[in-house]
Structures are given as C-alpha cells and as structure tokens.
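**Q** Contents of upload-v1.txt (compact mmCIF, C-alpha atoms):
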```
# COMPACT_ATOMS: atom_id res chain seq x y z
CA MET A 58 8.42 48.99 8.71
CA ARG A 59 11.96 47.65 8.68
CA LYS A 60 10.82 44.52 10.55
CA SER A 61 8.09 43.79 7.99
CA ARG A 62 10.61 44.16 5.16
CA ILE A 63 12.94 41.68 6.79
CA VAL A 64 10.05 39.21 7.17
CA LEU A 65 9.11 39.76 3.51
CA TYR A 66 12.71 39.17 2.39
CA ILE A 67 12.87 35.97 4.41
CA ILE A 68 9.62 34.74 2.85
CA LEU A 69 10.81 35.61 -0.65
CA LEU A 70 14.14 33.90 -0.01
CA ALA A 71 12.35 30.78 1.21
CA VAL A 72 10.05 30.73 -1.82
CA PHE A 73 12.98 31.25 -4.19
CA SER A 74 15.03 28.53 -2.47
CA PHE A 75 12.16 26.04 -2.63
CA GLY A 76 11.53 26.90 -6.28
CA ALA A 77 15.20 26.40 -7.13
CA TYR A 78 15.26 23.09 -5.25
CA ALA A 79 12.08 21.89 -6.99
CA ALA A 80 13.45 22.90 -10.40
CA PHE A 81 16.73 21.10 -9.73
CA MET A 82 14.97 17.93 -8.60
CA TYR A 83 12.66 17.99 -11.60
CA VAL A 84 15.56 18.34 -14.05
CA TYR A 85 17.58 15.71 -12.18
CA THR A 86 14.68 13.25 -12.27
CA GLU A 87 14.09 13.87 -15.98
CA TRP A 88 17.76 13.16 -16.57
CA LYS A 89 17.49 9.86 -14.65
CA PHE A 90 14.70 8.77 -17.00
CA LEU A 91 16.47 9.63 -20.26
CA PRO A 92 16.23 6.72 -22.73
CA VAL A 93 19.31 4.64 -23.45
CA GLU A 94 20.87 4.55 -26.90
CA LEU A 95 19.40 1.49 -28.61
CA LEU A 96 21.87 -1.05 -29.97
CA GLN A 97 19.08 -3.22 -31.39
CA GLU A 98 15.34 -2.96 -31.94
CA PRO A 99 13.05 -3.30 -28.90
CA SER A 100 11.47 -6.72 -28.45
CA LYS A 101 7.70 -7.19 -28.30
CA ALA A 102 8.23 -10.57 -26.63
CA ALA A 103 7.18 -10.54 -22.97
CA PRO A 104 6.97 -14.12 -21.67
CA HIS A 105 5.19 -13.85 -18.34
CA ALA A 106 2.38 -15.24 -16.22
CA GLU A 107 -0.86 -13.45 -15.51
CA TRP A 108 -0.54 -10.62 -12.99
CA LYS A 109 -2.83 -11.75 -10.16
CA ALA A 110 -1.58 -9.45 -7.40
CA PRO A 111 -3.43 -6.24 -6.42
CA ASP A 112 -2.83 -3.18 -8.59
CA THR A 113 -0.74 -1.48 -5.91
CA LEU A 114 2.08 0.50 -7.48
CA LEU A 115 3.92 1.84 -4.43
CA TYR A 116 5.65 -0.52 -1.98
CA LEU A 117 7.79 0.32 1.05
CA HIS A 118 11.31 -1.10 1.27
CA GLN A 119 12.51 -3.39 4.10
CA VAL A 120 9.50 -3.62 6.36
CA ASN A 121 11.49 -5.99 8.54
CA THR A 122 10.32 -4.99 12.03
CA PRO A 123 6.86 -4.88 13.63
CA ARG A 124 7.44 -1.21 14.51
CA ARG A 125 8.08 -0.22 10.89
CA ALA A 126 5.07 -2.25 9.76
CA GLN A 127 2.83 -0.45 12.27
CA ARG A 128 4.16 3.05 11.63
CA LYS A 129 3.66 2.82 7.87
CA GLU A 130 0.39 0.88 7.80
CA ASN A 131 -1.72 3.82 6.65
CA ALA A 132 0.85 5.14 4.17
CA TYR A 133 1.52 2.07 2.01
CA ALA A 134 -0.64 -0.73 0.62
CA GLY A 135 2.43 -2.79 -0.32
CA TYR A 136 5.36 -3.94 1.82
CA GLU A 137 8.69 -5.52 0.89
CA ILE A 138 9.92 -8.04 3.47
CA ASP A 139 13.28 -9.87 3.43
CA LEU A 140 13.43 -13.54 4.42
CA GLN A 141 16.49 -15.58 5.44
CA THR A 142 16.93 -19.15 6.64
CA ASP A 143 19.45 -20.24 9.25
CA GLU A 144 21.44 -23.48 9.44
CA GLN A 145 18.64 -25.14 11.40
CA GLY A 146 16.12 -24.36 8.68
CA ASN A 147 14.32 -21.63 10.64
CA LEU A 148 12.79 -18.83 8.58
CA TRP A 149 13.48 -15.29 9.82
CA VAL A 150 12.69 -11.77 8.65
CA ALA A 151 16.14 -10.30 7.98
CA HIS A 152 17.95 -8.48 5.20
CA ASP A 153 21.40 -9.69 6.27
CA PRO A 154 22.37 -12.91 8.06
CA GLU A 155 23.45 -10.87 11.10
CA GLU A 156 19.89 -9.58 11.52
CA MET A 157 18.59 -13.10 12.09
CA ALA A 158 19.75 -12.73 15.70
CA GLN A 159 16.69 -10.52 16.25
CA GLN A 160 14.54 -13.62 15.57
CA ILE A 161 11.67 -11.75 13.93
CA LYS A 162 9.18 -14.05 12.27
CA LEU A 163 6.88 -13.33 9.36
CA ALA A 164 3.96 -13.77 11.76
CA ASP A 165 5.39 -10.94 13.91
CA ILE A 166 5.11 -8.54 10.96
CA PHE A 167 1.59 -9.64 10.06
CA SER A 168 0.36 -9.53 13.65
CA ALA A 169 1.56 -5.93 14.02
CA LEU A 170 -1.00 -4.82 11.43
CA LYS A 171 -4.68 -4.11 11.95
CA ASN A 172 -5.62 -5.44 8.53
CA PRO A 173 -2.79 -7.64 7.17
CA GLY A 174 -5.09 -9.25 4.62
CA GLN A 175 -5.59 -5.93 2.83
CA LYS A 176 -1.93 -5.44 1.95
CA ALA A 177 0.28 -6.91 -0.76
CA TYR A 178 3.68 -8.34 0.16
CA TRP A 179 6.87 -8.51 -1.88
CA LEU A 180 8.81 -11.31 -0.15
CA ASP A 181 12.49 -11.05 -1.05
CA LEU A 182 13.87 -14.57 -0.60
CA LYS A 183 17.52 -14.13 0.32
CA THR A 184 18.13 -17.90 0.36
CA GLN A 185 16.80 -20.91 -1.49
CA LEU A 186 13.77 -22.52 0.16
CA THR A 187 12.78 -26.10 0.83
CA PRO A 188 9.20 -27.17 0.07
CA ALA A 189 8.48 -27.18 3.81
CA GLN A 190 9.72 -23.60 4.19
CA LEU A 191 7.59 -22.39 1.30
CA ASP A 192 4.58 -24.15 2.81
CA GLN A 193 5.35 -22.42 6.11
CA ILE A 194 5.15 -19.03 4.40
CA LEU A 195 1.82 -19.90 2.82
CA LEU A 196 0.36 -21.25 6.06
CA THR A 197 1.47 -18.15 7.95
CA ALA A 198 -0.22 -15.91 5.38
CA GLN A 199 -3.33 -18.06 5.50
CA ALA A 200 -3.48 -17.73 9.31
CA PHE A 201 -3.70 -13.94 8.88
CA HIS A 202 -6.29 -14.19 6.07
CA ILE A 203 -3.84 -12.96 3.44
CA PRO A 204 -4.83 -14.22 -0.02
CA GLN A 205 -2.11 -16.03 -1.96
CA GLU A 206 -2.47 -13.54 -4.80
CA ASN A 207 -1.29 -10.83 -2.36
CA LEU A 208 2.08 -12.59 -2.02
CA LEU A 209 4.86 -11.94 -4.54
CA LEU A 210 7.95 -14.06 -4.07
CA GLU A 211 11.24 -12.72 -5.42
CA THR A 212 14.13 -15.03 -6.16
CA VAL A 213 16.81 -15.89 -8.71
CA PRO A 214 16.40 -18.58 -11.38
CA GLY A 215 16.68 -22.03 -9.83
CA ASP A 216 14.83 -24.65 -7.80
CA THR A 217 12.98 -22.17 -5.59
CA ALA A 218 11.66 -20.29 -8.62
CA LYS A 219 10.48 -23.58 -10.16
CA MET A 220 8.77 -24.52 -6.90
CA ILE A 221 6.97 -21.16 -6.78
CA ASN A 222 5.75 -21.70 -10.32
CA LYS A 223 4.63 -25.24 -9.57
CA LYS A 224 2.37 -23.89 -6.83
CA LYS A 225 1.06 -21.22 -9.25
CA LEU A 226 2.25 -18.39 -7.02
CA ASN A 227 3.34 -14.92 -8.11
CA LEU A 228 7.01 -15.10 -9.08
CA LEU A 229 9.23 -12.03 -9.24
CA LEU A 230 12.31 -13.21 -11.12
CA GLN A 231 15.47 -11.23 -10.45
CA LEU A 232 17.10 -9.67 -13.47
CA PRO A 233 20.76 -10.65 -14.02
CA GLU A 234 23.22 -8.12 -12.57
CA SER A 235 24.89 -7.74 -15.96
CA PHE A 236 21.73 -6.68 -17.80
CA ASP A 237 22.86 -3.05 -18.13
CA LYS A 238 26.53 -3.91 -18.85
CA ASP A 239 26.62 -4.05 -22.65
CA PHE A 240 29.56 -1.58 -22.86
CA ASN A 241 27.90 -0.12 -25.96
CA ASP A 242 28.65 -3.34 -27.84
CA PRO A 243 25.78 -4.49 -30.11
CA GLN A 244 26.85 -8.14 -29.92
CA ALA A 245 26.99 -8.05 -26.13
CA ARG A 246 23.56 -6.42 -26.06
CA LYS A 247 22.16 -9.13 -28.32
CA GLU A 248 23.48 -11.91 -26.07
CA ILE A 249 22.17 -10.21 -22.91
CA ASN A 250 18.70 -9.84 -24.39
CA GLN A 251 18.65 -13.40 -25.71
CA ASN A 252 19.67 -14.80 -22.32
CA ALA A 253 16.97 -12.77 -20.57
CA LEU A 254 14.32 -13.99 -23.00
CA GLN A 255 15.39 -17.60 -22.48
CA GLU A 256 15.03 -17.23 -18.70
CA TRP A 257 11.60 -15.61 -19.02
CA GLU A 258 10.45 -18.31 -21.41
CA GLU A 259 11.51 -20.97 -18.90
CA TYR A 260 10.17 -19.39 -15.71
CA ARG A 261 7.26 -17.22 -16.91
CA PRO A 262 7.43 -14.77 -13.99
CA ALA A 263 4.58 -12.48 -13.03
CA ALA A 264 7.17 -9.69 -13.33
CA VAL A 265 10.89 -9.10 -13.52
CA SER A 266 12.49 -7.45 -10.48
CA ALA A 267 15.30 -4.99 -11.11
CA SER A 268 17.06 -2.01 -9.60
CA PHE A 269 16.18 1.43 -10.92
CA GLY A 270 19.56 1.63 -12.65
CA LYS A 271 18.48 -1.20 -14.94
CA TYR A 272 14.98 0.14 -15.51
CA THR A 273 15.84 2.33 -18.49
CA TYR A 274 17.41 -0.68 -20.25
CA LEU A 275 14.39 -2.89 -19.49
CA ARG A 276 12.02 -0.20 -20.70
CA ALA A 277 14.06 0.35 -23.87
CA TYR A 278 14.49 -3.27 -24.96
CA PHE A 279 11.44 -4.97 -23.40
CA PRO A 280 8.77 -2.27 -23.05
CA GLU A 281 5.93 -4.76 -22.51
CA MET A 282 7.59 -7.01 -19.92
CA PRO A 283 5.97 -6.53 -16.45
CA LYS A 284 8.43 -4.88 -14.10
CA ALA A 285 8.94 -4.62 -10.33
CA ILE A 286 11.45 -1.81 -9.84
CA TYR A 287 13.21 -0.96 -6.60
CA TYR A 288 14.78 2.39 -5.74
CA SER A 289 15.97 2.37 -2.15
CA SER A 290 18.84 4.85 -2.07
CA THR A 291 16.86 7.81 -0.67
CA LYS A 292 15.33 7.49 2.80
CA ARG A 293 14.96 11.20 3.54
CA PRO A 294 12.03 13.26 2.23
CA SER A 295 12.79 14.45 -1.29
CA LEU A 296 10.86 15.93 -4.23
CA LYS A 297 12.71 13.41 -6.37
CA LYS A 298 10.36 10.69 -5.10
CA PRO A 299 7.03 12.15 -6.27
CA PHE A 300 8.60 13.07 -9.62
CA MET A 301 9.86 9.48 -10.01
CA ILE A 302 6.52 8.03 -8.93
CA ASN A 303 4.72 10.10 -11.55
CA HIS A 304 7.07 8.73 -14.22
CA MET A 305 6.40 5.17 -13.08
CA LYS A 306 2.64 5.75 -13.20
CA GLU A 307 3.01 6.65 -16.87
CA ASP A 308 4.57 3.26 -17.69
CA PRO A 309 1.85 0.56 -17.66
CA SER A 310 4.48 -2.19 -17.60
CA VAL A 311 5.65 -1.12 -14.11
CA LYS A 312 3.60 -3.17 -11.66
CA ILE A 313 5.53 -2.20 -8.53
CA PHE A 314 7.75 0.74 -7.62
CA LEU A 315 9.59 0.07 -4.35
CA ILE A 316 10.96 3.04 -2.40
CA ASP A 317 12.44 3.69 1.01
CA GLU A 318 11.79 6.28 3.70
CA TYR A 319 12.45 6.93 7.35
CA THR A 320 10.46 5.31 10.10
CA TRP A 321 9.93 8.08 12.59
```
What would you get if you wrote out this structure as structure tokens?
**A**
Amino acid sequence: MRKSRIVLYIILLAVFSFGAYAAFMYVYTEWKFLPVELLQEPSKAAPHAEWKAPDTLLYLHQVNTPRRAQRKENAYAGYEIDLQTDEQGNLWVAHDPEEMAQQIKLADIFSALKNPGQKAYWLDLKTQLTPAQLDQILLTAQAFHIPQENLLLETVPGDTAKMINKKKLNLLLQLPESFDKDFNDPQARKEINQNALQEWEEYRPAAVSASFGKYTYLRAYFPEMPKAIYYSSTKRPSLKKPFMINHMKEDPSVKIFLIDEYTW
C-alpha cells in the first residue's frame, strides 16, 4: 500500500510540475507577443513583390551540413542555409568565415536529401555575390530539380539585392538593425518608418527578414508587410516553440518562421 502511494505521489508531482512548466511557458510566450506602444499610426503601405515561394511556414535554422539536412528531412519542409564566398570566389555553405574550411558546397546539402526539389530554401547570403556566383546557385538548384520559386535569397540592400530582383527571384530584404531602436521618440520612429518604406519601394522584396525581437515593431507599424521572422535562440525542446508557432500561424503576414533545434 505504501509503495502504491509513493508511486501516486510521484505521478501527481510530475503532472503538477509539467502543468506549472506549461503555464509558465504560455504566460512567457504571451508576454513576448505583447504589442508595442504606438508612437504613430500603423501604415497600410506594404511595397513588395508577389510571394511565389511555397506556403511553408516553418523553416529550420542553419542546415549547413549534409548530416543535419538528412536528419531533419522528414521534420521540416523549409531549410535555412548560410552561404559565404572566399577570396578566390568559391561559394561555400558556412555561417562564419572559419566554417569555410569544411568546404561544404550547396550541392552537398541538396544531394543529402531524398527529395530536394520538394523543399523550400532560405539562402542567407553572408557576402555580396557576383553575377557568376548567383548563376552558380541557380544552376546547382536546377541540377537537383529545385524550382526557382523554392529559393528565397536573403541579403541587405545593395547590388546583390538589385541583381536578385533583376532575375525576378524571391528577395528577402534584411530589416535595418536599428528598426526597433526608437527610444520612445515619435520623431525617431517616424524617420525609421520612412526609411524602411523607401527601401521597400526601391527593392520590392518578397518579404522582409527580421529577428523575432523586431517582429512586434514590424507587426505594429506595418501589419500587411510580408515577413520572414527568425528565432534561433532555443535549440533544446521547449513548449515555448509550439506556443510561438501558433501565434505566427495567426498572423497572415508571416510567411516564414525560422527556428532552431538540436540535430541528434
């Protein structure tokens, strides 16, 4: 009898602990999504190109090795891949310049998959590209039967962004780092929003890429602008992730939500 009571107490303690953890994560996630205090009226302007990529909300962060690509193939329909160029003009899959020593090519990632043509790819361009390097990316994708509309190329405003537009590819234009730094100053907020609109008018991206910390500001001031949001600070399993994903599903302007997790 005593043994069964101990087992019951352990079960009740586990249920209570999980319930408390779930409640904490729910409240914490709700707090993360609280709206910002508006310093000016939201803008209905959303200068952007047509969204031609697949309607795949969830992408996996830094799929920069064939092993990670293989292990997560059945879990995610969208991958984020980092690309760097070295001094010789070679294109490598790498988040940091030091990782280029591994000499992983984009073709190595694609060839690790059973069905590379069925996935969408967020290609984070860490350096400016030449026309030949951009053509190399497109030819590599073509060799693996990946449609161009399944490629989304992220970069900052500049020549590479203009080149992506000229080829009518999906451009993810990076949001300025200072977008959420208005210091509660209405004039600063006005200038930030005006500068963002000018960039979007010039480049007409398929979506704006931004960290989750800037998402609440984007949602508040430009609710209709297509968004590609990355949240890569939590690799371990956490209830925070499904709660956040559900929030993102409720916002039709969020085209991509990029998250991280372990590769076991």
**Q** Return the single residue from A:Met157, A:Leu140, A:Leu230, A:Leu296 that is closest to Ala79 in chain A, with distances computed using all atoms listed in the file.
**A**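 The shortest atom-to-atom distance to Ala79 in chain A comes from A:Leu296.
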**Q** Find the residues near range 193-209 of chain A: any atom within 7 Å, counting all atoms listed in the file, skip ones fewer than 6 places away on the same chain, and give them as a PDB file with C-alpha atoms, in the coordinates of the input.
**A**
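selection10.pdb was written with the following content:
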```pdb
ATOM      1  CA  LYS A 109      -2.830 -11.750 -10.160  1.00  0.00           C
ATOM      2  CA  ALA A 110      -1.580  -9.450  -7.400  1.00  0.00           C
ATOM      3  CA  PRO A 111      -3.430  -6.240  -6.420  1.00  0.00           C
ATOM      4  CA  ALA A 164       3.960 -13.770  11.760  1.00  0.00           C
ATOM      5  CA  PHE A 167       1.590  -9.640  10.060  1.00  0.00           C
ATOM      6  CA  PRO A 173      -2.790  -7.640   7.170  1.00  0.00           C
ATOM      7  CA  GLY A 174      -5.090  -9.250   4.620  1.00  0.00           C
ATOM      8  CA  LYS A 176      -1.930  -5.440   1.950  1.00  0.00           C
ATOM      9  CA  ALA A 177       0.280  -6.910  -0.760  1.00  0.00           C
ATOM     10  CA  TYR A 178       3.680  -8.340   0.160  1.00  0.00           C
ATOM     11  CA  TRP A 179       6.870  -8.510  -1.880  1.00  0.00           C
ATOM     12  CA  LEU A 180       8.810 -11.310  -0.150  1.00  0.00           C
ATOM     13  CA  ASN A 227       3.340 -14.920  -8.110  1.00  0.00           C
ATOM     14  CA  LEU A 228       7.010 -15.100  -9.080  1.00  0.00           C
ATOM     15  CA  LEU A 229       9.230 -12.030  -9.240  1.00  0.00           C
TER      16      LEU A 229
END
```
**Q** Return the single residue from A:Gly146, A:Tyr136, A:Gln175, A:Arg261 that is closest to Pro188 in chain A, with distances computed using only C-alpha atoms.
**A** A:Gly146
**Q** Suppose you want the space between CA of Val150 in chain A and CA of His118 in chain A; what is it in Å?
**A** 13.0 Å
**Q** Please, what distance in Å, to one decimal, runs between CA of Glu248 in chain A and CA of Phe269 in chain A?
**A**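 Those two atoms sit 21.5 Å apart.
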**Q** For range 156-245 of chain A versus range 82-97 of chain A, which residues have an atom no more than 9 Å away, and what is each residue's nearest atom pair and distance in Å rounded to one decimal, using all atoms listed in the file, chain-then-number order, as CSV?
**A**
```
residue,atom,partner,partner_atom,distance
A:Asn241,CA,A:Leu96,CA,7.3
A:Asp242,CA,A:Leu96,CA,7.5
A:Pro243,CA,A:Leu96,CA,5.2
A:Gln244,CA,A:Leu96,CA,8.7
```
**Q** Measuring atom to atom with only C-alpha atoms, identify which of A:Thr142, A:Gln119, A:Thr217, A:Ser310 is nearest to Tyr287 in chain A.
**A** A:Gln119
**Q** Which protein, DNA or RNA residues have an atom at most 12 Å from (8.2, 9.5, 0.4), counting all atoms listed in the file? List them as a PyMOL selection string.
**A** chain A and resi 115-118+129+132-133+288-302+314-320
**Q** Next, the residues of the selection above should be written as a PDB file, in the frame of the given file with C-alpha atoms.
**A**
```pdb
ATOM      1  CA  LEU A 115       3.920   1.840  -4.430  1.00  0.00           C
ATOM      2  CA  TYR A 116       5.650  -0.520  -1.980  1.00  0.00           C
ATOM      3  CA  LEU A 117       7.790   0.320   1.050  1.00  0.00           C
ATOM      4  CA  HIS A 118      11.310  -1.100   1.270  1.00  0.00           C
ATOM      5  CA  LYS A 129       3.660   2.820   7.870  1.00  0.00           C
ATOM      6  CA  ALA A 132       0.850   5.140   4.170  1.00  0.00           C
ATOM      7  CA  TYR A 133       1.520   2.070   2.010  1.00  0.00           C
ATOM      8  CA  TYR A 288      14.780   2.390  -5.740  1.00  0.00           C
ATOM      9  CA  SER A 289      15.970   2.370  -2.150  1.00  0.00           C
ATOM     10  CA  SER A 290      18.840   4.850  -2.070  1.00  0.00           C
ATOM     11  CA  THR A 291      16.860   7.810  -0.670  1.00  0.00           C
ATOM     12  CA  LYS A 292      15.330   7.490   2.800  1.00  0.00           C
ATOM     13  CA  ARG A 293      14.960  11.200   3.540  1.00  0.00           C
ATOM     14  CA  PRO A 294      12.030  13.260   2.230  1.00  0.00           C
ATOM     15  CA  SER A 295      12.790  14.450  -1.290  1.00  0.00           C
ATOM     16  CA  LEU A 296      10.860  15.930  -4.230  1.00  0.00           C
ATOM     17  CA  LYS A 297      12.710  13.410  -6.370  1.00  0.00           C
ATOM     18  CA  LYS A 298      10.360  10.690  -5.100  1.00  0.00           C
ATOM     19  CA  PRO A 299       7.030  12.150  -6.270  1.00  0.00           C
ATOM     20  CA  PHE A 300       8.600  13.070  -9.620  1.00  0.00           C
ATOM     21  CA  MET A 301       9.860   9.480 -10.010  1.00  0.00           C
ATOM     22  CA  ILE A 302       6.520   8.030  -8.930  1.00  0.00           C
ATOM     23  CA  PHE A 314       7.750   0.740  -7.620  1.00  0.00           C
ATOM     24  CA  LEU A 315       9.590   0.070  -4.350  1.00  0.00           C
ATOM     25  CA  ILE A 316      10.960   3.040  -2.400  1.00  0.00           C
ATOM     26  CA  ASP A 317      12.440   3.690   1.010  1.00  0.00           C
ATOM     27  CA  GLU A 318      11.790   6.280   3.700  1.00  0.00           C
ATOM     28  CA  TYR A 319      12.450   6.930   7.350  1.00  0.00           C
ATOM     29  CA  THR A 320      10.460   5.310  10.100  1.00  0.00           C
TER      30      THR A 320
END
```
**Q** Point out the residue among A:Glu107, A:Pro283, A:Asp112, A:Glu259 with the least atom-to-atom distance to Leu226 in chain A, counting all atoms listed in the file.
**A**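 That would be A:Glu107, the residue with the smallest distance to Leu226 in chain A.
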**Q** So what do you get for CA of Gly215 in chain A versus CA of Glu144 in chain A, distance-wise?
**A**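 If I compute the distance from CA of Gly215 in chain A to CA of Glu144 in chain A, I get 19.9 Å.
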**Q** May I have the residues within 7 Å of His152 in chain A as a list in words, using only C-alpha atoms and disregarding those fewer than 2 positions away in the same chain?
**A** Asp139, Leu140, Pro154 and Glu156 of chain A
**Q** Using only C-alpha atoms, which protein or nucleic acid residues come within 12 Å of Ala245 in chain A? Drop anything in the same chain fewer than 6 positions from it, and give the result as number ranges by chain.
**A** A: 96-97, 235-239, 251-252
**Q** Go through A:Trp321, A:Ala285, A:Ile67, A:Asp181 and flag the residue nearest Thr113 in chain A, using all atoms listed in the file for the distances.
**A**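 Once distances to Thr113 in chain A are computed over all atoms listed in the file, the minimum belongs to A:Ala285.
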**Q** Let me make sure I understand: among A:Gly76, A:Pro309, A:Pro233, A:Pro99, which one has the smallest atom-to-atom distance to Thr212 in chain A if we use all atoms listed in the file?
**A**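 Smallest separation from Thr212 in chain A among the options: A:Pro233.
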**Q** Have range 128-153 of chain A completed to N, CA and C atoms, please, and pass it along as an mmCIF file, in the coordinates of the input.
**A**
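Full text of part-v4.cif as output:
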```cif
data_model
loop_
_atom_site.group_PDB
_atom_site.id
_atom_site.type_symbol
_atom_site.label_atom_id
_atom_site.label_comp_id
_atom_site.auth_asym_id
_atom_site.auth_seq_id
_atom_site.Cartn_x
_atom_site.Cartn_y
_atom_site.Cartn_z
ATOM 1 N N ARG A 128 4.045 1.613 11.888
ATOM 2 C CA ARG A 128 4.160 3.050 11.630
ATOM 3 C C ARG A 128 3.749 3.419 10.206
ATOM 4 N N LYS A 129 3.926 2.503 9.268
ATOM 5 C CA LYS A 129 3.660 2.820 7.870
ATOM 6 C C LYS A 129 2.364 2.199 7.345
ATOM 7 N N GLU A 130 1.566 1.635 8.250
ATOM 8 C CA GLU A 130 0.390 0.880 7.800
ATOM 9 C C GLU A 130 -0.574 1.735 6.985
ATOM 10 N N ASN A 131 -0.763 2.978 7.353
ATOM 11 C CA ASN A 131 -1.720 3.820 6.650
ATOM 12 C C ASN A 131 -1.131 4.523 5.430
ATOM 13 N N ALA A 132 0.184 4.420 5.256
ATOM 14 C CA ALA A 132 0.850 5.140 4.170
ATOM 15 C C ALA A 132 1.084 4.279 2.936
ATOM 16 N N TYR A 133 1.185 2.952 3.124
ATOM 17 C CA TYR A 133 1.520 2.070 2.010
ATOM 18 C C TYR A 133 0.609 0.850 1.992
ATOM 19 N N ALA A 134 0.183 0.483 0.789
ATOM 20 C CA ALA A 134 -0.640 -0.730 0.620
ATOM 21 C C ALA A 134 0.217 -1.921 0.234
ATOM 22 N N GLY A 135 1.524 -1.705 0.032
ATOM 23 C CA GLY A 135 2.430 -2.790 -0.320
ATOM 24 C C GLY A 135 3.711 -2.715 0.499
ATOM 25 N N TYR A 136 4.140 -3.853 1.023
ATOM 26 C CA TYR A 136 5.360 -3.940 1.820
ATOM 27 C C TYR A 136 6.345 -4.914 1.176
ATOM 28 N N GLU A 137 7.639 -4.568 1.243
ATOM 29 C CA GLU A 137 8.690 -5.520 0.890
ATOM 30 C C GLU A 137 9.294 -6.053 2.182
ATOM 31 N N ILE A 138 9.405 -7.386 2.276
ATOM 32 C CA ILE A 138 9.920 -8.040 3.470
ATOM 33 C C ILE A 138 11.019 -9.014 3.043
ATOM 34 N N ASP A 139 12.156 -8.976 3.744
ATOM 35 C CA ASP A 139 13.280 -9.870 3.430
ATOM 36 C C ASP A 139 13.203 -11.117 4.297
ATOM 37 N N LEU A 140 13.475 -12.273 3.702
ATOM 38 C CA LEU A 140 13.430 -13.540 4.420
ATOM 39 C C LEU A 140 14.754 -14.289 4.268
ATOM 40 N N GLN A 141 15.265 -14.790 5.404
ATOM 41 C CA GLN A 141 16.490 -15.580 5.440
ATOM 42 C C GLN A 141 16.213 -16.895 6.164
ATOM 43 N N THR A 142 17.012 -17.902 5.883
ATOM 44 C CA THR A 142 16.930 -19.150 6.640
ATOM 45 C C THR A 142 18.275 -19.414 7.317
ATOM 46 N N ASP A 143 18.210 -19.930 8.557
ATOM 47 C CA ASP A 143 19.450 -20.240 9.250
ATOM 48 C C ASP A 143 19.841 -21.697 9.029
ATOM 49 N N GLU A 144 20.920 -22.125 9.660
ATOM 50 C CA GLU A 144 21.440 -23.480 9.440
ATOM 51 C C GLU A 144 20.485 -24.553 9.944
ATOM 52 N N GLN A 145 19.610 -24.175 10.875
ATOM 53 C CA GLN A 145 18.640 -25.140 11.400
ATOM 54 C C GLN A 145 17.359 -25.192 10.582
ATOM 55 N N GLY A 146 17.297 -24.372 9.538
ATOM 56 C CA GLY A 146 16.120 -24.360 8.680
ATOM 57 C C GLY A 146 15.022 -23.430 9.155
ATOM 58 N N ASN A 147 15.303 -22.599 10.169
ATOM 59 C CA ASN A 147 14.320 -21.630 10.640
ATOM 60 C C ASN A 147 14.232 -20.451 9.673
ATOM 61 N N LEU A 148 13.043 -19.936 9.511
ATOM 62 C CA LEU A 148 12.790 -18.830 8.580
ATOM 63 C C LEU A 148 12.651 -17.542 9.379
ATOM 64 N N TRP A 149 13.494 -16.548 9.084
ATOM 65 C CA TRP A 149 13.480 -15.290 9.820
ATOM 66 C C TRP A 149 13.331 -14.111 8.865
ATOM 67 N N VAL A 150 12.749 -13.033 9.381
ATOM 68 C CA VAL A 150 12.690 -11.770 8.650
ATOM 69 C C VAL A 150 14.018 -11.057 8.890
ATOM 70 N N ALA A 151 14.819 -10.910 7.843
ATOM 71 C CA ALA A 151 16.140 -10.300 7.980
ATOM 72 C C ALA A 151 16.696 -9.989 6.602
ATOM 73 N N HIS A 152 17.313 -8.833 6.466
ATOM 74 C CA HIS A 152 17.950 -8.480 5.200
ATOM 75 C C HIS A 152 19.338 -9.103 5.098
ATOM 76 N N ASP A 153 20.068 -9.113 6.216
ATOM 77 C CA ASP A 153 21.400 -9.690 6.270
ATOM 78 C C ASP A 153 21.418 -10.832 7.282
#
```
